[in-house]
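Printed here is entry_20.txt (compact mmCIF, C-alpha atoms and all ligand atoms):
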```txt
# COMPACT_ATOMS: atom_id res chain seq x y z
CA MET A 1025 -102.46 56.50 -13.87
CA ALA A 1026 -99.08 54.84 -13.44
CA GLU A 1027 -96.09 56.12 -15.33
CA GLY A 1028 -96.00 55.21 -18.98
CA GLY A 1029 -99.77 55.10 -19.02
CA THR A 1030 -100.17 51.41 -18.18
CA GLU A 1031 -103.65 50.07 -18.75
CA VAL A 1032 -105.36 48.76 -15.67
CA ALA A 1033 -108.28 46.41 -15.71
CA ILE A 1034 -110.33 48.06 -13.03
CA ASP A 1035 -111.79 51.50 -12.99
CA LEU A 1036 -110.14 53.69 -10.40
CA PRO A 1037 -111.72 56.80 -8.97
CA ASP A 1038 -109.93 60.07 -9.69
CA SER A 1039 -108.46 60.40 -6.22
CA VAL A 1040 -106.44 57.18 -6.44
CA VAL A 1041 -102.81 57.18 -7.54
CA ILE A 1042 -101.01 53.99 -8.30
CA SER A 1043 -97.29 53.47 -8.25
CA LYS A 1044 -94.72 50.77 -7.76
CA LEU A 1045 -94.23 49.57 -4.24
CA ASP A 1046 -90.46 49.98 -4.58
CA LYS A 1047 -90.89 53.61 -5.63
CA LEU A 1048 -93.34 54.33 -2.88
CA ALA A 1049 -91.07 52.84 -0.21
CA SER A 1050 -88.07 54.69 -1.56
CA TRP A 1051 -90.03 57.92 -1.67
CA CYS A 1052 -90.95 57.53 1.98
CA ARG A 1053 -87.41 56.62 2.96
CA LYS A 1054 -85.69 59.39 1.10
CA ASN A 1055 -87.91 62.09 2.53
CA SER A 1056 -87.54 61.07 6.12
CA LEU A 1057 -83.85 60.44 6.60
CA TRP A 1058 -83.03 60.57 10.29
CA PRO A 1059 -79.35 61.36 10.69
CA MET A 1060 -77.11 59.94 13.36
CA PRO A 1061 -74.61 62.77 13.98
CA PHE A 1062 -71.30 61.01 14.51
CA ALA A 1063 -69.48 64.32 14.92
CA THR A 1064 -65.99 63.78 16.26
CA ALA A 1065 -64.20 66.97 15.24
CA CYS A 1066 -64.46 70.37 13.60
CA CYS A 1067 -66.69 69.13 10.75
CA GLY A 1068 -69.32 68.59 13.42
CA ILE A 1069 -69.68 72.35 13.73
CA GLU A 1070 -70.68 72.60 10.07
CA LEU A 1071 -73.01 69.68 10.63
CA MET A 1072 -74.69 71.64 13.41
CA ALA A 1073 -74.90 74.69 11.17
CA THR A 1074 -76.55 72.54 8.53
CA GLY A 1075 -79.21 71.50 10.98
CA ALA A 1076 -79.74 75.01 12.33
CA SER A 1077 -82.23 77.52 11.06
CA ARG A 1078 -80.13 79.32 8.45
CA HIS A 1079 -79.56 76.29 6.27
CA ASP A 1080 -82.64 74.48 7.48
CA LEU A 1081 -82.16 70.82 6.74
CA ALA A 1082 -85.85 70.34 7.45
CA ARG A 1083 -86.54 71.39 3.86
CA PHE A 1084 -85.22 67.98 2.84
CA GLY A 1085 -86.82 66.01 5.62
CA ALA A 1086 -83.54 65.21 7.32
CA GLU A 1087 -83.57 67.50 10.33
CA VAL A 1088 -84.42 64.93 12.97
CA PHE A 1089 -81.00 64.31 14.47
CA ARG A 1090 -81.23 61.49 16.95
CA PHE A 1091 -78.55 60.42 19.36
CA SER A 1092 -79.85 56.92 19.58
CA PRO A 1093 -78.72 54.75 16.65
CA ARG A 1094 -81.89 52.69 16.99
CA GLN A 1095 -83.90 55.61 15.65
CA CYS A 1096 -81.61 56.62 12.81
CA ASP A 1097 -81.07 55.54 9.25
CA LEU A 1098 -78.39 57.94 8.03
CA MET A 1099 -74.96 57.90 9.61
CA ILE A 1100 -73.10 61.18 9.05
CA VAL A 1101 -69.45 60.72 10.02
CA ALA A 1102 -68.23 64.28 10.53
CA GLY A 1103 -64.62 64.46 11.57
CA ARG A 1104 -61.59 62.25 12.05
CA VAL A 1105 -62.04 58.85 13.58
CA VAL A 1106 -59.21 57.59 15.77
CA MET A 1107 -58.48 53.93 16.26
CA LYS A 1108 -59.96 54.02 19.76
CA MET A 1109 -63.21 55.42 18.33
CA LEU A 1110 -63.55 53.06 15.37
CA PRO A 1111 -64.99 50.13 17.36
CA VAL A 1112 -67.58 52.59 18.70
CA LEU A 1113 -68.41 53.76 15.17
CA GLN A 1114 -68.80 50.17 14.02
CA ARG A 1115 -70.98 49.30 17.00
CA ILE A 1116 -73.24 52.27 16.33
CA TRP A 1117 -73.44 51.38 12.64
CA GLN A 1118 -74.47 47.85 13.53
CA GLN A 1119 -77.09 49.13 15.95
CA MET A 1120 -78.82 51.21 13.28
CA PRO A 1121 -81.82 49.45 11.75
CA GLU A 1122 -81.91 48.63 8.05
CA PRO A 1123 -82.22 50.23 5.56
CA LYS A 1124 -79.39 52.62 6.39
CA TRP A 1125 -76.99 54.87 4.58
CA CYS A 1126 -73.76 56.60 5.41
CA ILE A 1127 -72.31 59.98 4.46
CA SER A 1128 -68.60 60.48 5.02
CA MET A 1129 -68.29 64.21 5.61
CA GLY A 1130 -65.00 66.03 5.13
CA ALA A 1131 -61.46 65.14 4.21
CA CYS A 1132 -60.74 63.44 7.53
CA ALA A 1133 -63.64 61.03 7.55
CA SER A 1134 -63.07 60.16 3.89
CA THR A 1135 -59.27 59.82 3.82
CA GLY A 1136 -57.78 60.73 7.18
CA GLY A 1137 -56.97 64.19 5.85
CA VAL A 1138 -53.71 65.66 7.07
CA PHE A 1139 -53.75 63.35 10.09
CA ASP A 1140 -51.66 60.57 8.62
CA THR A 1141 -50.55 59.25 12.00
CA TYR A 1142 -50.55 55.99 13.92
CA CYS A 1143 -53.85 56.62 15.66
CA VAL A 1144 -56.12 58.10 12.96
CA VAL A 1145 -58.06 55.79 10.68
CA GLN A 1146 -57.37 56.64 7.04
CA GLY A 1147 -60.95 56.80 5.82
CA VAL A 1148 -63.99 55.25 7.46
CA ASP A 1149 -64.91 53.54 4.19
CA ARG A 1150 -62.23 50.98 4.94
CA PHE A 1151 -64.36 49.63 7.75
CA ILE A 1152 -67.99 50.58 7.13
CA PRO A 1153 -69.90 51.03 3.86
CA VAL A 1154 -70.15 54.64 2.69
CA ASP A 1155 -72.69 55.97 0.17
CA MET A 1156 -71.64 59.59 -0.23
CA TYR A 1157 -68.36 61.39 0.25
CA VAL A 1158 -68.33 65.12 0.86
CA PRO A 1159 -64.99 66.79 0.10
CA GLY A 1160 -63.82 69.86 1.95
CA CYS A 1161 -62.17 70.87 5.17
CA PRO A 1162 -64.74 71.49 6.45
CA PRO A 1163 -67.41 71.20 3.74
CA ARG A 1164 -69.86 74.04 3.72
CA PRO A 1165 -73.42 73.25 4.77
CA GLU A 1166 -74.47 73.61 1.15
CA GLN A 1167 -72.17 70.75 0.25
CA LEU A 1168 -73.63 68.54 2.91
CA ILE A 1169 -77.12 69.43 1.77
CA GLN A 1170 -76.10 68.56 -1.78
CA ALA A 1171 -74.87 65.20 -0.53
CA ILE A 1172 -78.22 64.59 1.11
CA ILE A 1173 -80.04 65.58 -2.10
CA ASP A 1174 -77.80 63.22 -4.07
CA LEU A 1175 -78.42 60.48 -1.55
CA GLN A 1176 -82.15 61.04 -1.93
CA ASP A 1177 -81.72 60.64 -5.66
CA LYS A 1178 -79.80 57.44 -5.12
CA ILE A 1179 -82.43 56.07 -2.78
CA GLN A 1180 -85.31 57.01 -5.09
CA HIS A 1181 -83.79 55.42 -8.15
CA GLY A 1182 -81.99 52.46 -6.66
CA GLY A 1183 -84.14 51.62 -3.67
CA ARG A 1184 -86.07 48.38 -3.38
CA LEU A 1185 -88.72 47.50 -0.87
CA ASP A 1186 -86.78 44.43 0.23
CA GLY A 1187 -83.41 46.16 0.34
CA THR A 1188 -81.83 44.05 -2.41
CA GLU A 1189 -79.97 47.13 -3.65
CA PHE A 1190 -77.67 46.62 -0.68
CA ASN A 1191 -76.65 43.24 -2.00
CA ARG A 1192 -73.33 43.89 -3.61
CA ILE A 1193 -73.92 42.07 -6.92
CA THR A 1194 -77.50 43.01 -7.73
CA GLY A 1195 -76.89 46.48 -6.35
CA GLU A 1196 -74.05 47.15 -8.71
CA GLN A 1197 -76.06 46.02 -11.73
CA SER A 1198 -78.83 48.47 -11.02
CA GLY A 1199 -76.49 51.39 -10.38
CA ARG A 1200 -76.89 54.59 -12.35
CA PRO A 1201 -75.00 57.86 -12.30
CA LEU A 1202 -76.39 60.64 -10.19
CA LEU A 1203 -78.30 63.42 -11.82
CA GLU A 1204 -76.34 66.57 -12.46
CA LEU A 1205 -77.65 69.78 -11.01
CA PRO A 1206 -79.05 72.02 -13.74
CA VAL A 1207 -76.60 74.75 -14.73
CA ILE A 1208 -78.05 78.24 -14.81
CA GLY A 1209 -78.64 79.37 -18.39
CA GLN A 1210 -78.54 75.86 -19.80
CA THR A 1211 -81.63 73.93 -20.61
CA THR A 1212 -81.65 70.37 -19.51
CA ASN A 1213 -84.06 67.66 -20.46
CA VAL A 1214 -83.69 65.74 -17.21
CA PRO A 1215 -86.19 67.07 -14.71
CA TYR A 1216 -84.45 67.30 -11.36
CA MET B 825 -41.06 84.18 38.73
CA VAL B 826 -37.35 83.53 38.84
CA ILE B 827 -36.33 81.19 41.58
CA SER B 828 -34.11 82.69 44.31
CA GLN B 829 -30.43 81.88 44.34
CA GLU B 830 -30.73 80.98 47.97
CA MET B 831 -33.21 78.26 47.11
CA ILE B 832 -30.85 76.80 44.50
CA ASP B 833 -27.97 76.81 46.95
CA ARG B 834 -30.02 75.03 49.57
CA LEU B 835 -31.02 72.41 47.04
CA GLN B 836 -27.45 71.86 46.01
CA ARG B 837 -26.28 71.55 49.62
CA GLN B 838 -29.01 69.03 50.35
CA PHE B 839 -28.42 66.95 47.22
CA PRO B 840 -24.80 67.28 46.14
CA ASN B 841 -25.33 64.96 43.16
CA CYS B 842 -27.59 67.36 41.31
CA THR B 843 -26.55 69.83 38.65
CA THR B 844 -28.29 73.14 38.13
CA SER B 845 -28.44 75.49 35.20
CA GLU B 846 -30.52 78.38 34.02
CA ALA B 847 -32.16 79.18 30.73
CA LEU B 848 -34.66 81.89 29.85
CA GLU B 849 -34.85 82.86 33.52
CA GLN B 850 -35.94 79.35 34.44
CA ALA B 851 -34.03 77.24 36.91
CA ARG B 852 -33.36 73.72 35.77
CA VAL B 853 -32.15 70.97 38.06
CA VAL B 854 -30.99 67.56 36.95
CA VAL B 855 -31.14 65.07 39.77
CA VAL B 856 -30.04 61.45 39.88
CA ARG B 857 -32.66 58.81 40.12
CA GLN B 858 -31.56 57.51 43.52
CA ASP B 859 -32.33 60.88 45.06
CA LEU B 860 -35.64 61.40 43.32
CA GLN B 861 -38.02 60.31 46.05
CA GLU B 862 -36.19 62.41 48.66
CA VAL B 863 -36.07 65.40 46.31
CA PHE B 864 -39.85 65.21 45.91
CA GLN B 865 -40.38 65.11 49.66
CA TRP B 866 -37.88 67.86 50.34
CA LEU B 867 -39.22 70.17 47.66
CA LYS B 868 -42.76 69.81 48.84
CA GLU B 869 -42.33 69.69 52.61
CA GLU B 870 -39.33 71.96 53.13
CA SER B 871 -39.46 74.34 50.17
CA GLY B 872 -43.14 74.85 49.53
CA PHE B 873 -43.33 73.55 45.96
CA ASP B 874 -46.91 72.51 46.45
CA LEU B 875 -48.06 72.35 42.83
CA LEU B 876 -46.96 69.79 40.26
CA VAL B 877 -47.72 71.53 36.98
CA ASP B 878 -46.74 68.80 34.57
CA VAL B 879 -44.88 65.55 34.17
CA THR B 880 -43.58 64.86 30.71
CA CYS B 881 -40.72 63.18 28.93
CA VAL B 882 -38.29 63.80 26.08
CA ASP B 883 -36.78 61.08 23.94
CA TYR B 884 -33.20 62.07 23.05
CA LEU B 885 -32.64 59.21 20.61
CA ASN B 886 -30.14 60.38 17.94
CA TYR B 887 -30.05 63.80 19.56
CA ARG B 888 -26.76 65.59 19.10
CA GLY B 889 -24.56 65.25 22.19
CA ALA B 890 -27.12 63.33 24.24
CA GLN B 891 -25.65 60.88 26.74
CA GLN B 892 -28.81 59.19 27.88
CA ARG B 893 -31.98 58.37 26.08
CA PHE B 894 -34.90 59.71 28.11
CA GLY B 895 -35.26 62.94 30.02
CA LEU B 896 -38.15 62.81 32.44
CA VAL B 897 -39.32 66.33 33.25
CA TYR B 898 -41.24 67.59 36.28
CA LEU B 899 -42.50 71.17 36.24
CA LEU B 900 -43.09 72.47 39.75
CA ALA B 901 -44.49 75.67 41.18
CA ASN B 902 -44.70 77.30 44.55
CA THR B 903 -48.12 78.89 44.75
CA GLU B 904 -47.12 81.23 47.63
CA THR B 905 -44.02 82.78 46.12
CA SER B 906 -44.75 81.98 42.44
CA GLU B 907 -41.35 80.36 42.08
CA ARG B 908 -41.02 77.79 39.36
CA LEU B 909 -38.61 74.90 39.03
CA THR B 910 -37.89 72.41 36.27
CA LEU B 911 -36.74 69.07 37.59
CA ARG B 912 -35.20 66.51 35.30
CA VAL B 913 -34.07 62.91 35.60
CA MET B 914 -32.10 61.17 32.87
CA LEU B 915 -32.91 57.54 32.20
CA ASP B 916 -31.55 54.85 29.95
CA GLU B 917 -33.32 52.16 27.98
CA THR B 918 -32.55 49.04 29.99
CA ASP B 919 -33.85 50.41 33.27
CA LEU B 920 -36.85 52.70 33.01
CA GLU B 921 -38.14 52.47 36.57
CA VAL B 922 -38.61 55.63 38.60
CA PRO B 923 -40.44 56.19 41.88
CA SER B 924 -43.92 57.62 41.39
CA ALA B 925 -44.65 61.18 42.49
CA VAL B 926 -48.24 60.35 43.39
CA PRO B 927 -47.56 59.92 47.15
CA THR B 928 -46.19 63.47 47.17
CA TRP B 929 -48.42 65.24 44.64
CA GLU B 930 -51.76 63.54 44.00
CA GLY B 931 -52.00 65.32 40.66
CA ALA B 932 -49.20 63.21 39.24
CA ASP B 933 -51.62 60.32 38.77
CA TRP B 934 -52.87 60.95 35.21
CA LEU B 935 -49.69 62.74 34.15
CA GLU B 936 -47.61 59.69 34.93
CA ARG B 937 -50.13 57.46 33.21
CA GLU B 938 -49.67 59.55 30.08
CA VAL B 939 -45.87 59.30 30.26
CA TRP B 940 -46.19 55.55 30.71
CA ASP B 941 -48.56 55.33 27.76
CA MET B 942 -46.48 57.43 25.39
CA PHE B 943 -42.90 56.60 26.46
CA GLY B 944 -43.09 53.40 28.50
CA ILE B 945 -41.48 54.84 31.63
CA HIS B 946 -42.50 52.65 34.56
CA PHE B 947 -43.48 54.44 37.76
CA THR B 948 -43.10 52.18 40.78
CA GLY B 949 -45.63 52.81 43.49
CA HIS B 950 -48.20 54.35 41.13
CA PRO B 951 -51.68 53.28 42.30
CA ASP B 952 -53.14 52.61 38.85
CA LEU B 953 -50.61 52.55 36.03
CA ARG B 954 -52.77 51.90 32.97
CA ARG B 955 -52.76 53.44 29.51
CA ILE B 956 -54.68 56.68 29.42
CA LEU B 957 -54.82 57.73 25.75
CA MET B 958 -54.23 54.65 23.64
CA PRO B 959 -56.55 51.60 23.72
CA GLU B 960 -55.77 49.01 26.40
CA GLU B 961 -54.64 46.40 23.88
CA PHE B 962 -52.07 48.71 22.27
CA ILE B 963 -48.51 47.39 22.74
CA ALA B 964 -46.14 50.15 21.61
CA HIS B 965 -45.26 53.47 23.20
CA PRO B 966 -45.91 55.79 20.27
CA LEU B 967 -44.07 58.98 21.26
CA ARG B 968 -40.71 57.22 21.28
CA LYS B 969 -38.57 58.36 18.39
CA ASP B 970 -38.08 54.84 17.05
CA TYR B 971 -41.82 54.33 16.63
CA PRO B 972 -42.87 55.08 13.03
CA LEU B 973 -45.20 58.07 12.62
CA GLN B 974 -47.75 56.03 10.73
CA GLY B 975 -47.66 53.21 13.23
CA ARG B 976 -47.07 49.55 12.68
CA GLY B 977 -50.46 48.82 11.13
CA GLU B 978 -52.46 49.21 14.34
CA ARG B 979 -54.78 51.76 12.78
CA HIS B 980 -55.91 49.25 10.14
CA ASN B 981 -56.29 46.27 12.40
CA PHE B 982 -60.08 46.16 12.57
CA PRO B 983 -62.83 43.95 11.13
CA VAL B 984 -64.40 45.35 7.96
CA LEU B 985 -68.17 45.72 8.05
CA THR B 986 -69.98 45.37 4.76
CA ARG B 987 -73.65 45.67 3.88
CA GLN B 988 -73.78 41.88 3.95
CA THR B 989 -72.54 41.68 7.52
CA GLY B 990 -75.36 43.95 8.48
CA LEU B 991 -78.08 42.27 6.44
CA LYS B 992 -77.83 38.87 8.08
S1 LIG A 1301 -61.99 67.67 7.34
FE1 LIG A 1301 -61.15 69.56 8.22
S2 LIG A 1301 -62.89 70.46 9.31
FE2 LIG A 1301 -63.37 68.31 8.94
S3 LIG A 1301 -62.72 67.20 10.76
FE3 LIG A 1301 -61.02 67.15 9.29
S4 LIG A 1301 -59.75 68.91 9.85
FE4 LIG A 1301 -61.75 69.23 10.79
```
Would it be possible to restate this file's structure as structure tokens?
Ligand code: SF4
Amino acid sequence: MAEGGTEVAIDLPDSVVISKLDKLASWCRKNSLWPMPFATACCGIELMATGASRHDLARFGAEVFRFSPRQCDLMIVAGRVVMKMLPVLQRIWQQMPEPKWCISMGACASTGGVFDTYCVVQGVDRFIPVDMYVPGCPPRPEQLIQAIIDLQDKIQHGGRLDGTEFNRITGEQSGRPLLELPVIGQTTNVPY
Amino acid sequence: MVISQEMIDRLQRQFPNCTTSEALEQARVVVVRQDLQEVFQWLKEESGFDLLVDVTCVDYLNYRGAQQRFGLVYLLANTETSERLTLRVMLDETDLEVPSAVPTWEGADWLEREVWDMFGIHFTGHPDLRRILMPEEFIAHPLRKDYPLQGRGERHNFPVLTRQTGLK
């Protein structure tokens, strides 16, 4: 039975679940994020650690790092991007099929970090859309995993089958704050 | 290793226009540009300096007591005797042409490209004098002291991609 207990006119056998198409598509998308590792500097090492066995990104369905943008739907920019690299980043972003998301990992990718010089781009979000920022220099793998969990939340609750959430105006209207992680010892009424 | 006094004397006899000094047990020779090509040849053929370790440059703009703007530096080594020599040529803004060291030491190729890229020193006779670090379309020479640290807006001169650009 669909959420809210909607009445349906036909009798369904017990083994059938009905849902909204938008929710189903988002559920599929969020659980099979294929990252494109755009690792240009030291943050890339933490990105590798995140994918390796100790932190095991496979638990969240995002372990399939592919080096071909055609097979990816999550760009993870890990490290500083210099002005010679930015056209490459943009080309790779354009080559990724829709729907796609982007995580800007670390201080450098998000703001340029300490590298405020003539050749380092001061934040990739000036030139490509970014969904999640991960602070830190470098962020720990847990932080990156949290960003992926938050991105999954965003996809599940904002995603549409036809991708209209990417349209700037309708997307902003349907925006909602991310769920907070439950704090130990506190009861929360939002199921995570 | 410290260079022998005999070697220094020979150099000075051969090229009377050069000045030599020593610091931290390193011999430093300042030669005039007109001699440069011959100095290269002589050092390699006659004195066994067969390894060009580095070519780099210093911008002395606003430096206390500096007479000329650029100091082009060649670090040389003799792999048989382990002698080392620092060769320097002083250049001034209007005329930044020096003969390339590539005919003498092949290894100067990329080193000189880097000095050209960063300081705009022009090496005549270089086989392939292109930028090596900065993008081809870059105009400035960023390691010069009068170039602002944060650039002149080059790092922000790119098209902005939005979701809409991608969705078309
Ligand atoms: S944020 Fe820190 S760790 Fe990451 S690329 Fe920049 S300097 Fe390296």
* Which polymer residues have any atom within 6 Å of an atom of stretch 1050-1052 of chain A, counting all atoms listed in the file, with same-chain residues fewer than 2 positions away left out, as a ChimeraX atom specification? -> /A:1047-1048,1054-1055,1179-1180,1183
Excluding A:Gly1187 and any residue of its chain fewer than 4 positions from it, enumerate the residues within 10 Å of it, using only C-alpha atoms, and give them as a short mmCIF file (atom, residue, chain, number, x, y, z; two decimals) with C-alpha atoms, in the frame of the given file.
```cif
data_model
loop_
_atom_site.label_atom_id
_atom_site.label_comp_id
_atom_site.auth_asym_id
_atom_site.auth_seq_id
_atom_site.Cartn_x
_atom_site.Cartn_y
_atom_site.Cartn_z
CA ASP A 1046 -90.46 49.98 -4.58
CA SER A 1050 -88.07 54.69 -1.56
CA GLU A 1122 -81.91 48.63 8.05
CA PRO A 1123 -82.22 50.23 5.56
CA LYS A 1124 -79.39 52.62 6.39
CA GLY A 1182 -81.99 52.46 -6.66
CA GLY A 1183 -84.14 51.62 -3.67
CA ASN A 1191 -76.65 43.24 -2.00
CA GLY A 1195 -76.89 46.48 -6.35
CA LEU B 991 -78.08 42.27 6.44
#
```
* **Point (-42.5, 56.8, 43.6) neighbourhood (10 Å, only C-alpha atoms) written as a PyMOL selection string** => chain B and resi 860-862+864+921-928+946-951
Would you mind exporting C-alpha atoms of the selected residues as an mmCIF file, in the coordinates of the input?
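Below you can see result.cif, which holds the result:
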```
data_model
loop_
_atom_site.group_PDB
_atom_site.id
_atom_site.type_symbol
_atom_site.label_atom_id
_atom_site.label_comp_id
_atom_site.auth_asym_id
_atom_site.auth_seq_id
_atom_site.Cartn_x
_atom_site.Cartn_y
_atom_site.Cartn_z
ATOM 1 C CA LEU B 860 -35.640 61.400 43.320
ATOM 2 C CA GLN B 861 -38.020 60.310 46.050
ATOM 3 C CA GLU B 862 -36.190 62.410 48.660
ATOM 4 C CA PHE B 864 -39.850 65.210 45.910
ATOM 5 C CA GLU B 921 -38.140 52.470 36.570
ATOM 6 C CA VAL B 922 -38.610 55.630 38.600
ATOM 7 C CA PRO B 923 -40.440 56.190 41.880
ATOM 8 C CA SER B 924 -43.920 57.620 41.390
ATOM 9 C CA ALA B 925 -44.650 61.180 42.490
ATOM 10 C CA VAL B 926 -48.240 60.350 43.390
ATOM 11 C CA PRO B 927 -47.560 59.920 47.150
ATOM 12 C CA THR B 928 -46.190 63.470 47.170
ATOM 13 C CA HIS B 946 -42.500 52.650 34.560
ATOM 14 C CA PHE B 947 -43.480 54.440 37.760
ATOM 15 C CA THR B 948 -43.100 52.180 40.780
ATOM 16 C CA GLY B 949 -45.630 52.810 43.490
ATOM 17 C CA HIS B 950 -48.200 54.350 41.130
ATOM 18 C CA PRO B 951 -51.680 53.280 42.300
#
```
* To do: Find the residues near B:Asp878: any atom within 7 Å, counting only C-alpha atoms, skip ones fewer than 2 places away on the same chain, and give them as an MDAnalysis selection string.
  => chainID B and resid 876 880 898:899 935
Could the residues in this selection be saved with C-alpha atoms as a JSON list (two decimals), keeping the file's coordinate frame?
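And here's result-v3.json as it stands now:
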```json
[["chain", "number", "residue", "atom", "x", "y", "z"],
["B", 876, "LEU", "CA", -46.96, 69.79, 40.26],
["B", 880, "THR", "CA", -43.58, 64.86, 30.71],
["B", 898, "TYR", "CA", -41.24, 67.59, 36.28],
["B", 899, "LEU", "CA", -42.50, 71.17, 36.24],
["B", 935, "LEU", "CA", -49.69, 62.74, 34.15]]
```
* Residue among A:Ala1049, A:Val1041, A:Met1060, A:Leu1036 lying closest to A:Asp1186, counting all atoms listed in the file ->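 Of A:Ala1049, A:Val1041, A:Met1060, A:Leu1036, the one nearest A:Asp1186, counting all atoms listed in the file, is A:Ala1049.
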For B:Ala851: contacts at 12 Å, only C-alpha atoms, fewer than 6 positions along chain excluded, given as a PDB file with C-alpha atoms, in the frame of the given file:
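Dumped to result-v7.pdb:
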```pdb
ATOM      1  CA  MET B 825     -41.060  84.180  38.730  1.00  0.00           C
ATOM      2  CA  VAL B 826     -37.350  83.530  38.840  1.00  0.00           C
ATOM      3  CA  ILE B 827     -36.330  81.190  41.580  1.00  0.00           C
ATOM      4  CA  SER B 828     -34.110  82.690  44.310  1.00  0.00           C
ATOM      5  CA  GLN B 829     -30.430  81.880  44.340  1.00  0.00           C
ATOM      6  CA  MET B 831     -33.210  78.260  47.110  1.00  0.00           C
ATOM      7  CA  ILE B 832     -30.850  76.800  44.500  1.00  0.00           C
ATOM      8  CA  ASP B 833     -27.970  76.810  46.950  1.00  0.00           C
ATOM      9  CA  LEU B 835     -31.020  72.410  47.040  1.00  0.00           C
ATOM     10  CA  THR B 843     -26.550  69.830  38.650  1.00  0.00           C
ATOM     11  CA  THR B 844     -28.290  73.140  38.130  1.00  0.00           C
ATOM     12  CA  SER B 845     -28.440  75.490  35.200  1.00  0.00           C
ATOM     13  CA  LEU B 899     -42.500  71.170  36.240  1.00  0.00           C
ATOM     14  CA  LEU B 900     -43.090  72.470  39.750  1.00  0.00           C
ATOM     15  CA  ALA B 901     -44.490  75.670  41.180  1.00  0.00           C
ATOM     16  CA  GLU B 907     -41.350  80.360  42.080  1.00  0.00           C
ATOM     17  CA  ARG B 908     -41.020  77.790  39.360  1.00  0.00           C
ATOM     18  CA  LEU B 909     -38.610  74.900  39.030  1.00  0.00           C
ATOM     19  CA  THR B 910     -37.890  72.410  36.270  1.00  0.00           C
ATOM     20  CA  LEU B 911     -36.740  69.070  37.590  1.00  0.00           C
ATOM     21  CA  ARG B 912     -35.200  66.510  35.300  1.00  0.00           C
TER      22      ARG B 912
END
```
